[in-house]
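Shown next: model.txt, given as compact mmCIF, C-alpha atoms.
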# COMPACT_ATOMS: atom_id res chain seq x y z
CA MET A 28 13.27 9.26 -3.17
CA ALA A 29 12.88 11.05 0.16
CA ASN A 30 10.02 10.22 2.51
CA VAL A 31 7.60 12.71 4.01
CA LEU A 32 6.65 12.66 7.68
CA HIS A 33 2.89 12.02 7.84
CA ILE A 34 1.00 13.02 10.98
CA GLU A 35 -2.58 11.91 11.66
CA ILE A 36 -4.53 13.62 14.44
CA LEU A 37 -7.50 11.75 15.93
CA GLN A 38 -9.86 14.31 17.43
CA ARG A 39 -12.13 13.35 20.33
CA LEU A 40 -15.80 12.93 19.48
CA ASP A 41 -16.87 15.53 22.04
CA SER A 42 -14.35 18.12 20.82
CA VAL A 43 -15.81 21.29 19.30
CA LEU A 44 -12.53 22.81 18.09
CA SER A 45 -12.11 23.62 14.40
CA LYS A 46 -9.45 22.00 12.23
CA GLN A 47 -7.19 25.04 12.49
CA GLU A 48 -7.60 25.19 16.27
CA ILE A 49 -6.61 21.54 16.53
CA LEU A 50 -3.53 22.17 14.38
CA ASN A 51 -2.55 25.14 16.56
CA CYS A 52 -3.05 22.97 19.62
CA VAL A 53 -0.58 20.29 18.54
CA GLN A 54 1.94 22.65 16.94
CA ASN A 55 4.20 22.67 19.99
CA THR A 56 4.25 18.86 20.09
CA ILE A 57 5.17 18.70 16.41
CA ASN A 58 7.82 21.43 16.68
CA THR A 59 9.76 19.63 19.41
CA GLY A 60 11.47 17.53 16.73
CA ARG A 61 11.32 14.46 18.97
CA ILE A 62 8.59 12.72 17.02
CA THR A 63 9.64 9.67 15.02
CA PRO A 64 7.85 7.40 12.52
CA GLY A 65 5.85 4.65 14.18
CA GLN A 66 4.93 6.73 17.22
CA CYS A 67 1.42 6.86 18.65
CA ILE A 68 1.20 9.79 21.08
CA GLN A 69 -1.67 9.49 23.54
CA THR A 70 -0.51 11.60 26.48
CA PHE A 71 -0.16 15.38 26.28
CA GLU A 72 1.19 18.04 28.62
CA ASP A 73 -1.08 20.72 27.17
CA PRO A 74 -4.53 20.48 28.89
CA VAL A 75 -6.26 21.66 25.69
CA CYS A 76 -4.68 18.78 23.78
CA ARG A 77 -5.70 16.30 26.49
CA GLU A 78 -9.32 17.44 26.30
CA ASN A 79 -9.61 17.49 22.50
CA ILE A 80 -7.19 14.95 21.01
CA GLU A 81 -7.42 11.18 21.27
CA SER A 82 -4.03 10.43 19.71
CA ILE A 83 -1.40 11.54 17.20
CA ILE A 84 -0.01 8.86 14.86
CA VAL A 85 3.30 9.51 13.12
CA SER A 86 4.31 7.64 9.98
CA GLU A 87 6.40 8.07 6.86
CA VAL A 88 4.90 8.50 3.40
CA SER A 89 7.02 8.13 0.27
CA GLU A 90 6.94 10.69 -2.52
CA GLU A 91 5.03 8.18 -4.65
CA ASP A 92 2.33 7.88 -1.99
CA THR A 93 2.16 11.67 -1.67
CA LYS A 94 1.63 12.02 -5.42
CA LEU A 95 -1.24 9.56 -5.29
CA LEU A 96 -2.86 11.45 -2.42
CA ASP A 97 -2.44 14.76 -4.24
CA PHE A 98 -3.89 13.23 -7.41
CA VAL A 99 -7.18 12.44 -5.71
CA GLU A 100 -7.39 15.87 -4.13
CA THR A 101 -6.87 17.45 -7.57
CA THR A 102 -9.67 15.38 -9.08
CA LEU A 103 -11.99 16.66 -6.36
CA LEU A 104 -10.85 20.25 -6.89
CA PHE A 105 -11.52 20.09 -10.63
CA SER A 106 -14.91 18.48 -10.04
CA ASP A 107 -15.91 21.08 -7.45
CA HIS A 108 -15.06 23.92 -9.81
CA GLY A 109 -16.98 22.35 -12.69
CA VAL A 110 -14.03 22.02 -15.05
CA ASN A 111 -15.35 20.98 -18.46
CA THR A 112 -14.11 17.44 -19.19
CA ASN A 113 -14.39 18.13 -22.92
CA PHE A 114 -11.39 20.44 -22.55
CA ILE A 115 -9.51 18.77 -19.69
CA SER A 116 -9.95 15.05 -19.22
CA TRP A 117 -9.37 12.89 -16.17
CA ASN A 118 -10.77 9.44 -15.46
CA ARG A 119 -10.04 8.93 -11.73
CA VAL A 120 -8.11 5.77 -12.64
CA VAL A 121 -4.80 4.78 -11.01
CA LEU A 122 -2.68 1.92 -12.37
CA LEU A 123 0.03 0.46 -10.11
CA HIS A 124 2.30 -2.00 -11.90
CA GLY A 125 5.41 -3.94 -11.04
CA PRO A 126 6.74 -7.37 -9.97
CA PRO A 127 4.62 -9.67 -7.78
CA GLY A 128 4.88 -9.26 -4.03
CA THR A 129 5.88 -5.58 -4.01
CA GLY A 130 2.76 -4.44 -2.15
CA LYS A 131 0.67 -2.93 -4.93
CA THR A 132 -2.62 -4.21 -3.54
CA SER A 133 -1.64 -3.28 0.01
CA LEU A 134 -0.70 0.20 -1.20
CA CYS A 135 -4.14 0.58 -2.79
CA ARG A 136 -5.81 -0.39 0.46
CA ALA A 137 -3.60 1.98 2.43
CA LEU A 138 -4.31 4.76 -0.07
CA ALA A 139 -8.04 4.26 0.38
CA GLN A 140 -7.67 4.42 4.16
CA LYS A 141 -5.45 7.51 4.10
CA LEU A 142 -7.79 9.36 1.76
CA SER A 143 -10.83 8.43 3.84
CA ILE A 144 -9.09 9.99 6.84
CA ARG A 145 -7.71 13.01 5.01
CA LEU A 146 -11.09 13.77 3.40
CA GLY A 147 -13.09 13.01 6.54
CA HIS A 148 -14.31 16.60 6.65
CA ARG A 149 -16.00 16.06 3.30
CA TYR A 150 -17.13 12.42 3.36
CA SER A 151 -18.78 10.61 6.23
CA HIS A 152 -17.12 7.30 5.37
CA GLY A 153 -15.10 5.42 2.76
CA GLU A 154 -16.04 2.24 0.90
CA LEU A 155 -13.46 -0.13 -0.63
CA ILE A 156 -14.82 -2.61 -3.19
CA GLU A 157 -12.26 -5.22 -4.24
CA VAL A 158 -12.84 -6.82 -7.63
CA ASN A 159 -11.00 -9.97 -8.65
CA SER A 160 -10.78 -9.90 -12.44
CA HIS A 161 -11.11 -13.69 -12.65
CA SER A 162 -14.45 -13.56 -10.83
CA LEU A 163 -16.00 -11.55 -13.66
CA PHE A 164 -15.99 -14.52 -16.03
CA SER A 165 -18.56 -17.29 -15.92
CA LYS A 166 -18.47 -20.67 -17.62
CA TRP A 167 -22.04 -20.04 -18.74
CA PHE A 168 -22.47 -18.17 -22.00
CA SER A 169 -23.63 -14.54 -21.57
CA GLU A 170 -23.65 -14.84 -17.75
CA SER A 171 -20.35 -12.96 -17.43
CA GLY A 172 -21.83 -9.76 -18.81
CA LYS A 173 -24.66 -9.99 -16.31
CA LEU A 174 -22.14 -10.37 -13.47
CA VAL A 175 -20.36 -7.20 -14.55
CA MET A 176 -23.62 -5.23 -14.84
CA LYS A 177 -24.85 -6.44 -11.46
CA MET A 178 -21.58 -5.53 -9.77
CA PHE A 179 -21.51 -2.00 -11.20
CA MET A 180 -25.17 -1.45 -10.37
CA GLU A 181 -24.27 -2.09 -6.72
CA ILE A 182 -21.29 0.26 -7.00
CA ARG A 183 -23.45 3.02 -8.47
CA GLU A 184 -25.93 2.63 -5.63
CA LEU A 185 -23.10 3.39 -3.21
CA LEU A 186 -21.97 6.35 -5.32
CA GLU A 187 -25.43 7.88 -5.21
CA ASN A 188 -24.62 8.82 -1.62
CA PRO A 189 -22.55 12.03 -1.99
CA ARG A 190 -21.19 11.57 1.54
CA ALA A 191 -19.52 8.25 0.65
CA LEU A 192 -16.03 8.08 -0.89
CA VAL A 193 -16.00 4.89 -2.97
CA PHE A 194 -12.82 3.10 -4.08
CA VAL A 195 -13.03 0.29 -6.65
CA LEU A 196 -9.92 -1.92 -6.58
CA ILE A 197 -9.45 -4.12 -9.66
CA ASP A 198 -6.63 -6.55 -8.94
CA GLU A 199 -4.59 -8.25 -11.68
CA VAL A 200 -6.16 -6.16 -14.39
CA GLU A 201 -3.92 -7.83 -17.01
CA SER A 202 -6.10 -10.94 -16.81
CA LEU A 203 -8.84 -8.93 -18.53
CA THR A 204 -6.40 -8.05 -21.28
CA HIS A 205 -5.51 -11.70 -21.76
CA ALA A 206 -9.17 -12.55 -22.18
CA ARG A 207 -9.58 -9.94 -24.92
CA GLN A 208 -6.52 -11.12 -26.82
CA SER A 209 -7.61 -14.76 -26.56
CA SER A 210 -11.03 -13.85 -27.88
CA LEU A 211 -9.53 -12.05 -30.87
CA MET A 212 -7.41 -15.10 -31.65
CA GLY A 213 -10.45 -17.35 -31.38
CA THR A 214 -9.21 -19.33 -28.37
CA GLU A 215 -11.87 -17.94 -26.06
CA PRO A 216 -15.64 -17.49 -26.60
CA SER A 217 -16.82 -14.12 -27.84
CA ASP A 218 -18.57 -13.68 -24.50
CA SER A 219 -15.18 -12.86 -22.95
CA ILE A 220 -14.50 -9.88 -25.16
CA ARG A 221 -18.00 -8.56 -24.49
CA VAL A 222 -17.30 -8.75 -20.76
CA VAL A 223 -14.11 -6.71 -21.06
CA ASN A 224 -15.77 -4.12 -23.29
CA ALA A 225 -18.64 -3.89 -20.81
CA LEU A 226 -16.18 -3.38 -17.96
CA LEU A 227 -14.40 -0.57 -19.82
CA THR A 228 -17.75 1.08 -20.56
CA GLN A 229 -18.79 0.87 -16.92
CA ILE A 230 -15.48 2.39 -15.80
CA ASP A 231 -16.08 5.28 -18.21
CA GLN A 232 -19.55 5.82 -16.76
CA LEU A 233 -18.14 6.17 -13.25
CA ARG A 234 -16.38 9.36 -14.37
CA ARG A 235 -19.49 11.38 -13.67
CA PHE A 236 -19.29 10.55 -9.96
CA PRO A 237 -16.84 12.88 -8.17
CA ASN A 238 -16.67 10.47 -5.22
CA ALA A 239 -15.42 7.48 -7.28
CA ILE A 240 -11.78 6.39 -7.48
CA ILE A 241 -10.67 3.39 -9.59
CA LEU A 242 -7.52 1.63 -8.36
CA THR A 243 -5.96 -1.09 -10.54
CA THR A 244 -2.88 -3.31 -10.22
CA SER A 245 -0.90 -5.40 -12.69
CA ASN A 246 2.07 -7.78 -12.46
CA ILE A 247 2.66 -8.06 -16.22
CA THR A 248 3.06 -4.68 -17.90
CA ASP A 249 3.46 -6.16 -21.39
CA ALA A 250 0.01 -7.71 -21.14
CA ILE A 251 -1.86 -4.54 -20.19
CA ASP A 252 -4.32 -3.52 -22.88
CA LEU A 253 -3.83 -0.01 -24.27
CA ALA A 254 -7.48 0.64 -23.50
CA PHE A 255 -6.62 0.40 -19.81
CA VAL A 256 -3.37 2.33 -20.15
CA ASP A 257 -5.16 5.22 -21.88
CA ARG A 258 -7.72 5.41 -19.11
CA ALA A 259 -5.15 5.55 -16.32
CA ASP A 260 -4.39 9.08 -15.13
CA ILE A 261 -1.43 7.85 -13.10
CA LYS A 262 0.73 4.88 -14.08
CA GLN A 263 3.02 4.23 -11.10
CA TYR A 264 5.73 1.58 -11.04
CA ILE A 265 6.05 -0.18 -7.68
CA GLY A 266 9.38 -1.97 -7.45
CA PRO A 267 11.10 -4.05 -4.76
CA PRO A 268 11.75 -2.31 -1.41
CA SER A 269 14.82 -0.12 -1.02
CA LEU A 270 17.64 -0.90 1.42
CA PHE A 271 16.20 1.23 4.20
CA ALA A 272 12.67 -0.09 3.59
CA ILE A 273 14.00 -3.65 3.92
CA TYR A 274 15.69 -2.72 7.19
CA LYS A 275 12.40 -1.33 8.52
CA ILE A 276 10.59 -4.54 7.55
CA TYR A 277 13.17 -6.70 9.32
CA HIS A 278 13.14 -4.37 12.33
CA SER A 279 9.36 -4.73 12.67
CA CYS A 280 9.60 -8.52 12.33
CA ILE A 281 12.23 -8.79 15.07
CA SER A 282 10.23 -6.49 17.35
CA GLU A 283 7.23 -8.79 16.95
CA LEU A 284 9.28 -11.92 17.72
CA GLN A 285 10.74 -10.22 20.79
CA ARG A 286 7.24 -9.27 21.91
CA THR A 287 6.17 -12.90 21.70
CA GLY A 288 9.34 -14.16 23.42
CA ILE A 289 10.68 -16.23 20.52
CA VAL A 290 13.68 -13.88 20.26
CA ASP A 291 15.31 -12.84 23.52
CA ASN A 292 14.79 -9.15 24.29
CA LYS A 293 17.99 -8.67 26.28
CA ASP A 294 19.41 -6.96 23.19
CA SER A 295 17.60 -4.87 20.62
CA VAL A 296 18.10 -3.42 17.16
CA MET A 297 17.97 0.33 16.73
CA SER A 298 15.41 2.08 14.62
CA LEU A 299 16.68 3.36 11.30
CA ARG A 300 16.40 6.94 12.50
CA LEU A 301 18.65 6.28 15.53
CA LEU A 302 21.08 4.34 13.36
CA GLN A 303 21.30 7.30 10.99
CA LEU A 304 21.88 9.68 13.91
CA SER A 305 24.81 7.49 14.99
CA SER A 306 26.31 8.00 11.49
CA PHE A 307 26.38 4.18 11.17
CA ASP A 308 29.50 4.05 13.36
CA GLU A 309 30.15 0.58 14.73
CA ASN A 310 30.27 0.18 18.51
CA ASP A 311 28.80 -2.13 21.13
CA ARG A 312 25.44 -0.36 20.89
CA THR A 313 25.14 -0.40 17.10
CA GLN A 314 26.84 -3.71 16.30
CA LEU A 315 23.71 -5.88 16.00
CA SER A 316 21.83 -3.16 14.13
CA LEU A 317 24.64 -2.87 11.58
CA GLN A 318 24.61 -6.66 11.16
CA LEU A 319 20.89 -6.47 10.40
CA LEU A 320 21.57 -3.65 7.96
CA GLU A 321 24.04 -5.92 6.17
CA VAL A 322 21.38 -8.63 5.95
CA ALA A 323 19.05 -6.01 4.47
CA ARG A 324 21.73 -5.08 1.92
CA GLN A 325 22.01 -8.72 0.84
CA SER A 326 18.20 -8.84 0.51
CA ILE A 327 17.98 -6.08 -2.10
CA GLY A 328 15.86 -7.30 -5.01
CA LEU A 329 13.61 -9.53 -2.91
CA SER A 330 9.91 -8.71 -2.86
CA GLY A 331 8.15 -7.47 0.25
CA ARG A 332 6.22 -10.74 0.41
CA THR A 333 9.47 -12.73 0.47
CA LEU A 334 11.06 -10.44 3.05
CA ARG A 335 8.21 -11.08 5.47
CA LYS A 336 8.88 -14.82 5.17
CA ILE A 337 12.61 -14.61 5.95
CA PRO A 338 12.26 -14.56 9.79
CA PHE A 339 9.93 -17.59 9.71
CA LEU A 340 12.21 -19.52 7.36
CA ALA A 341 15.26 -18.57 9.43
CA HIS A 342 13.74 -20.26 12.46
CA ALA A 343 12.48 -23.24 10.46
CA TYR A 344 15.78 -23.86 8.67
CA PHE A 345 18.45 -23.09 11.25
CA LEU A 346 16.92 -22.68 14.71
CA HIS A 347 15.22 -25.43 16.68
CA THR A 348 14.51 -23.83 20.04
CA THR A 349 11.65 -21.99 21.66
CA GLN A 350 13.83 -18.96 22.39
CA VAL A 351 16.97 -17.66 20.71
CA SER A 352 19.31 -14.73 21.19
CA LEU A 353 19.05 -11.77 18.85
CA GLU A 354 22.60 -12.30 17.58
CA LYS A 355 21.92 -15.93 16.60
CA PHE A 356 18.62 -14.98 15.00
CA ILE A 357 20.20 -12.28 12.81
CA ASP A 358 22.86 -14.81 11.75
CA ALA A 359 20.10 -17.29 10.84
CA MET A 360 18.37 -14.59 8.80
CA LYS A 361 21.60 -13.93 6.93
CA ARG A 362 21.98 -17.63 6.07
CA THR A 363 18.33 -17.77 5.01
CA VAL A 364 18.72 -14.85 2.62
CA THR A 365 21.76 -16.51 1.05
CA LYS A 366 19.81 -19.78 0.66
CA ASN A 367 16.81 -17.94 -0.82
CA VAL A 368 18.93 -16.16 -3.42
CA THR A 369 20.66 -19.43 -4.36
CA ASP A 370 17.34 -21.29 -4.64
CA CYS A 371 15.88 -18.53 -6.85
CA GLU A 372 18.88 -18.65 -9.19
CA SER A 373 18.62 -22.44 -9.44
CA PHE A 374 14.91 -22.18 -10.21
CA LYS A 375 15.55 -19.61 -12.97
CA ARG A 376 18.23 -21.82 -14.52
CA SER A 377 15.92 -24.83 -14.55
CA GLU A 378 13.14 -22.77 -16.11
CA SER A 379 15.39 -21.55 -18.91
CA LYS A 380 16.34 -25.09 -19.98
Take the structure in the file and write it out as structure tokens.
Amino acid sequence: MANVLHIEILQRLDSVLSKQEILNCVQNTINTGRITPGQCIQTFEDPVCRENIESIIVSEVSEEDTKLLDFVETTLLFSDHGVNTNFISWNRVVLLHGPPGTGKTSLCRALAQKLSIRLGHRYSHGELIEVNSHSLFSKWFSESGKLVMKMFMEIRELLENPRALVFVLIDEVESLTHARQSSLMGTEPSDSIRVVNALLTQIDQLRRFPNAIILTTSNITDAIDLAFVDRADIKQYIGPPSLFAIYKIYHSCISELQRTGIVDNKDSVMSLRLLQLSSFDENDRTQLSLQLLEVARQSIGLSGRTLRKIPFLAHAYFLHTTQVSLEKFIDAMKRTVTKNVTDCESFKRSESK
């Protein structure tokens, strides 16, 4: 899916311009077409921009991210207009599911930050409450239910402030499902099923707060209880990074190692945008970048968590020097990816025996 260019404008505290005036002010900067993802613009030719704008941050947002942002804005619109929930129902619950290490939790955190910024005109601040499902269960009988009630009492206290946008992130929500199934089979105490039922009830009660957003993640889709699935307004699959996303991850890793001096900065890899503008033609300028792109192609299927480890493992496995050339480092990354894929296949074979 195509990405959308996302532009964040940080207005100076002493600026008195309206939102529309700020947008008009930066229109010329945006229309130049020279802005690229990852930029942070802090100097401006226009004196009005210099006096009123702290910085402009440019990033890319995928279509999936855009849908999630639009979802929250729609929930607020319906709430503001007093839409009767007996006719049209929404729960303000988002479920992100997919393999481990694909960035579901990070995406939830980023979503909370983006929405806090985008809705800054409406809310004074955002609150992110992260709930580990395992922490809701106590070894003491009946104590688990009290933990759930205490936690949601604190959340409701935050929600009582209409100027606060509150996000509740429930990670690994499938662990709650497992507890319910175990209780029904008699392998867990009945206290567990009461905890899960209490949690579902509390989530339902948060519906009356227009400033509440429930974000949940799961690694095991088959284990998700239908009670959770029914409550989720959006069920978004988050899979492994695409080819170009992998390239961007590797590009950022190499830039960091060049900044610290571990990789020599005599040569550099091109950004994906510049590589696309060159039509991926091979020449002296694009050679190393195309080699990195090939490494990215061989890395398709690896999780984002694994991809971030590849540069470290490349140095640990194949390089034993305080500084290395970019060409040698990319070659080491290629060998590391090959080793990682081989090791994963061997592990899967041993598990299947």
In Å to one decimal, how far is CA of Met360 in chain A from CA of Ser279 in chain A?
13.9 Å
Tell me which of A:Arg324, A:Arg312, A:His108, A:Lys141 sits closest to Leu95 in chain A, counting all atoms listed in the file.
A:Lys141
Enter the distance from CA of Val75 in chain A to CA of Cys52 in chain A, in Å, rounded to one decimal.
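Answer for the CA of Val75 in chain A to CA of Cys52 in chain A separation: 7.0 Å.
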For a quick check of understanding, using all atoms listed in the file, which of A:Leu301, A:Leu227, A:Leu50, A:Leu340 has the smallest distance to Asp257 in chain A?
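The answer is A:Leu227, which sits nearest to Asp257 in chain A.
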At what distance in Å, to one decimal, does CA of Ile36 in chain A lie from CA of Ile84 in chain A?
6.6 Å
Neighbours of Glu321 in chain A within 10 Å (only C-alpha atoms; same-chain residues fewer than 3 positions away dropped), as a ChimeraX atom specification?
/A:270,274,315-318,324-326,357,361
Got a sec: who's within 10 Å of range 261-269 of chain A, counting all atoms listed in the file, leaving out chain neighbours fewer than 6 positions off, as a ChimeraX atom specification?
/A:28,91-92,94-95,98,117-131,134,242-246,248,275-276,323-324,326-332,334
Would you list the contacts of Ile251 in chain A as a PyMOL selection string, taking every protein, DNA or RNA residue within 8 Å and counting only C-alpha atoms, but skipping same-chain residues closer than 4 positions in sequence?
chain A and resi 200-201+204+245+247+255-256
Ranking A:Leu142, A:Ser116, A:Gln285, A:Glu72 by minimum distance to Glu35 in chain A and counting all atoms listed in the file, which one comes first?
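Looking only at the distances to Glu35 in chain A, the closest residue turns out to be A:Leu142.
Of the residues listed (A:Arg221, A:Lys366, A:Arg376, A:Arg183), A:Arg221 shows the shortest atom-to-atom separation from Leu163 in chain A; distances use all atoms listed in the file.
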With distances taken over only C-alpha atoms, which of A:Leu203, A:Leu353, A:Leu40, A:Ile240 is nearest to Leu138 in chain A?
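That would be A:Ile240, the residue with the smallest distance to Leu138 in chain A.
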